[in-house]
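**Student:** Next up is a structure, given as structure tokens.
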Amino acid sequence: MINTPKGILIATGIFAPDIGGPASYARTLAARLAKIEPVTVVTYSSVWNSPQDDDLSFRVVRVWSRWPKGIKHLIYLFKILGQTRDARVVFALNAISAGMPARLAARFHNKKFVVKVVGDAAWERAINTGRTSLMLNDFQKIKRKGWTAILHKLQFQLCKGAHAVIVPSEYLAGIVKGWGIPAEKIKIIYNGVDFKGSELSKEEARKKLGITGNILFTWGRLVPWKGFRMLIKIMPRLTEINSFFRLVIVGDGPDRQALDTMIRNLGLGRKVILAGKKNHREVADYLAASDIVVLNSGYEGFSHQILEAMTAGVPVIASASGGNREVIHQGENGFMVRYNDEFNIIEAVRSLWNSPETREYFIKEGKKTVSYFTAEKMFKETISILTNLPN
């Protein structure tokens, strides 16, 4: 009798106790899959081991993330090679740091391989290193050079060799298709939200956070294309609409110092608050304290922030970028604005602030929108793909 391998190996770049959306996703998916067949998670990790791993229904193999680059990636590859032999499917949660070694291991052991693509790794590196100022759509049209070209080729080859490529939006499906990946291989599974709002009232949340006034809230990694600089720039104009407005930015990243400097130079120390990195529970308190969420991003594959704001009952103004168009319906459950368009953003804030009825309508319709993007649906569709791959 032939012994058919069973089980799924999940390759991820982050896992609990480290904080982040992919870490939560990997843990929940693994727990659900473990009810069906054996599961092993291989992850980079800020800790050698975690006592919580003993209580999980699946195995976690950790690679210390503080090893030097190259060494940690080689260790990760060897760990995955050792774990893939008895697996049926290898599922990578990103295309490069986890995806490349996962693909090599799957190919070596002749296993089925699935990858989740949540962005363009070549573009992200190019824009974060200052090698391009183009947004993702325009970046797809130019000739890539150097390391950017290498990354693009790697992620293309990765997707080409996968049995299925999971993306979180129609927008990203179009990007991946533009790389030359057949449409039938691309599976769209919208991200779901399991965000739990704060139990605090608006007044209680503001008191807890030590913030007075009416809060315009935004959050994310502090990188140039997230559009935080424009929000700071127009803050003097926004305070003409309401002198009690406070712009609160939650997050951390390479743009932190530049934003700090900008706030000081504009004399906005009492109007703009850089609150630093916060966990989900803390973000829930900030949302509870907020009047309007403003997301001015030049790129979004699919925005968790929009769904989290809607869950928390905060009206949303978001840039018409990427997957945002698949969540926001203009004037129905939120306002869409042009990315970094000073006039457009100011007028959207003015219109929303001056119309309590519109804010309440957006809140009501936002909660309806969230019901279409549930975590239950996301995990059910993902598990269906992983357990029903064609031979």
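Naming scheme: A, B, ... for chains in displayed order of the structure tokens; residues 1 onward per chain; ligands 1 onward as shown.
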Taking the DSSP assignment computed from this structure's backbone, write out as a list in words all residues of segment 220-324 of chain A that belong to strand (DSSP E).
**Tutor:**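 So the strand (DSSP E) residues in segment 220-324 of chain A would be Phe245, Arg246, Leu247, Val248, Ile249, Val250, Val272, Ile273, Leu274, Ala275, Gly276, Ser290, Asp291, Ile292, Val293, Val294, Leu295, Val316, Ile317, Ala318 and Ser319 of chain A.
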**Student:** Determine, using only C-alpha atoms, which residues of segment 13-69 of chain A have any atom at most 12 Å from an atom of segment 191-205 of chain A, and tabulate each with its shortest atom pair and distance in Å to one decimal place, rows ordered by chain and then rising number, as a Markdown table.
**Tutor:**
| residue | atom | partner | partner_atom | distance |
| --- | --- | --- | --- | --- |
| A:Gly21 | CA | A:Val193 | CA | 10.2 |
| A:Pro22 | CA | A:Asn191 | CA | 11.1 |
| A:Ser24 | CA | A:Asp194 | CA | 10.1 |
| A:Tyr25 | CA | A:Asn191 | CA | 9.8 |
| A:Thr28 | CA | A:Asp194 | CA | 10.7 |
**Student:** Would you output that residue set with N, CA and C atoms, as a PDB file, in the first residue's frame?
**Tutor:**
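Saved result, selection01.pdb, follows:
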ATOM      1  N   GLY A  21      -1.158  41.600  11.061  1.00  0.00           N
ATOM      2  CA  GLY A  21      -2.250  40.895  10.405  1.00  0.00           C
ATOM      3  C   GLY A  21      -1.875  39.512   9.914  1.00  0.00           C
ATOM      4  N   PRO A  22      -0.711  39.339   9.224  1.00  0.00           N
ATOM      5  CA  PRO A  22      -0.327  38.001   8.764  1.00  0.00           C
ATOM      6  C   PRO A  22      -0.129  37.000   9.898  1.00  0.00           C
ATOM      7  N   SER A  24      -1.810  36.939  12.805  1.00  0.00           N
ATOM      8  CA  SER A  24      -3.151  36.521  13.239  1.00  0.00           C
ATOM      9  C   SER A  24      -3.787  35.600  12.205  1.00  0.00           C
ATOM     10  N   TYR A  25      -3.616  35.943  10.940  1.00  0.00           N
ATOM     11  CA  TYR A  25      -4.169  35.130   9.857  1.00  0.00           C
ATOM     12  C   TYR A  25      -3.591  33.718   9.892  1.00  0.00           C
ATOM     13  N   THR A  28      -4.957  31.622  12.955  1.00  0.00           N
ATOM     14  CA  THR A  28      -6.358  31.207  12.832  1.00  0.00           C
ATOM     15  C   THR A  28      -6.534  30.171  11.737  1.00  0.00           C
TER      16      THR A  28
END
**Student:** Just checking: using only C-alpha atoms, which residue out of A:Lys364, A:Arg131, A:Lys271, A:Lys185 ends up closest to Asn242 of chain A?
**Tutor:** A:Lys271
**Student:** Which of these, A:Ile328, A:Leu158, A:Leu74, A:Val314, has the shortest distance to Gly99 of chain A once you count only C-alpha atoms?
**Tutor:** A:Leu158
**Student:** Which residues come within 7 Å of segment 83-87 of chain A, counting only C-alpha atoms, excluding same-chain residues fewer than 4 positions away, as a list in words?
**Tutor:** Pro5, Lys6, Gly7, Ile8, Leu9, Lys79, Ala105, Ala106 and His109 of chain A
**Student:** I need the residues of segment 81-298 of chain A that end up classed as helix (DSSP H, G or I) by DSSP on the backbone, written out as a ChimeraX atom specification.
**Tutor:** /A:81-84,99-108,121-128,136-139,146-160,170-178,183-185,202-209,224-226,228-233,235-241,256-265,280-289
**Student:** Please measure the separation of atom CA of Glu184 of chain A and atom CA of Val41 of chain A, giving the value in Å to one decimal.
**Tutor:** 27.5 Å
**Student:** Quick one: everything within 9 Å of segment 383-387 of chain A, counting only C-alpha atoms, minus sequence neighbours fewer than 6 positions away in the same chain. Send it as a list of chain:residue names.
**Tutor:**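 Everything that qualifies: A:Ile8, A:Leu29, A:Arg32, A:Leu33, A:Val89, A:Val90, A:Phe91, A:Val114, A:Ala164, A:Lys187.
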**Student:** Please provide as a ChimeraX atom specification all residues within 12 Å of Asn49 of chain A, with the sequence filter that same-chain residues fewer than 2 positions apart are discarded (counting only C-alpha atoms).
**Tutor:** /A:15-18,43-47,51-54,59-65
**Student:** For Gly119 of chain A, which residue out of A:Gly269, A:Pro38, A:Gly322, A:Gly13 is the nearest one, using only C-alpha atoms?
**Tutor:**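 Checking each of A:Gly269, A:Pro38, A:Gly322, A:Gly13 against Gly119 of chain A, counting only C-alpha atoms, the winner is A:Gly322.
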**Student:** Just want the 8 Å neighbourhood of segment 355-361 of chain A, counted on only C-alpha atoms, with same-chain residues fewer than 5 positions away dropped. Output as a ChimeraX atom specification.
**Tutor:** /A:315,332-333
**Student:** Next, the residues of the selection above should be written as an mmCIF file, in the first residue's frame with C-alpha atoms.
**Tutor:**
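Output contents, as saved in part.cif:
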data_model
loop_
_atom_site.group_PDB
_atom_site.id
_atom_site.type_symbol
_atom_site.label_atom_id
_atom_site.label_comp_id
_atom_site.auth_asym_id
_atom_site.auth_seq_id
_atom_site.Cartn_x
_atom_site.Cartn_y
_atom_site.Cartn_z
ATOM 1 C CA PRO A 315 -17.364 57.186 8.853
ATOM 2 C CA GLU A 332 -23.199 55.406 -0.079
ATOM 3 C CA ASN A 333 -20.922 53.975 2.617
#
**Student:** For Arg338 of chain A, which residue out of A:Gly227, A:Gly161, A:Gly210, A:Pro168 is the nearest one, using only C-alpha atoms?
**Tutor:**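 The answer is A:Gly227, which sits nearest to Arg338 of chain A.
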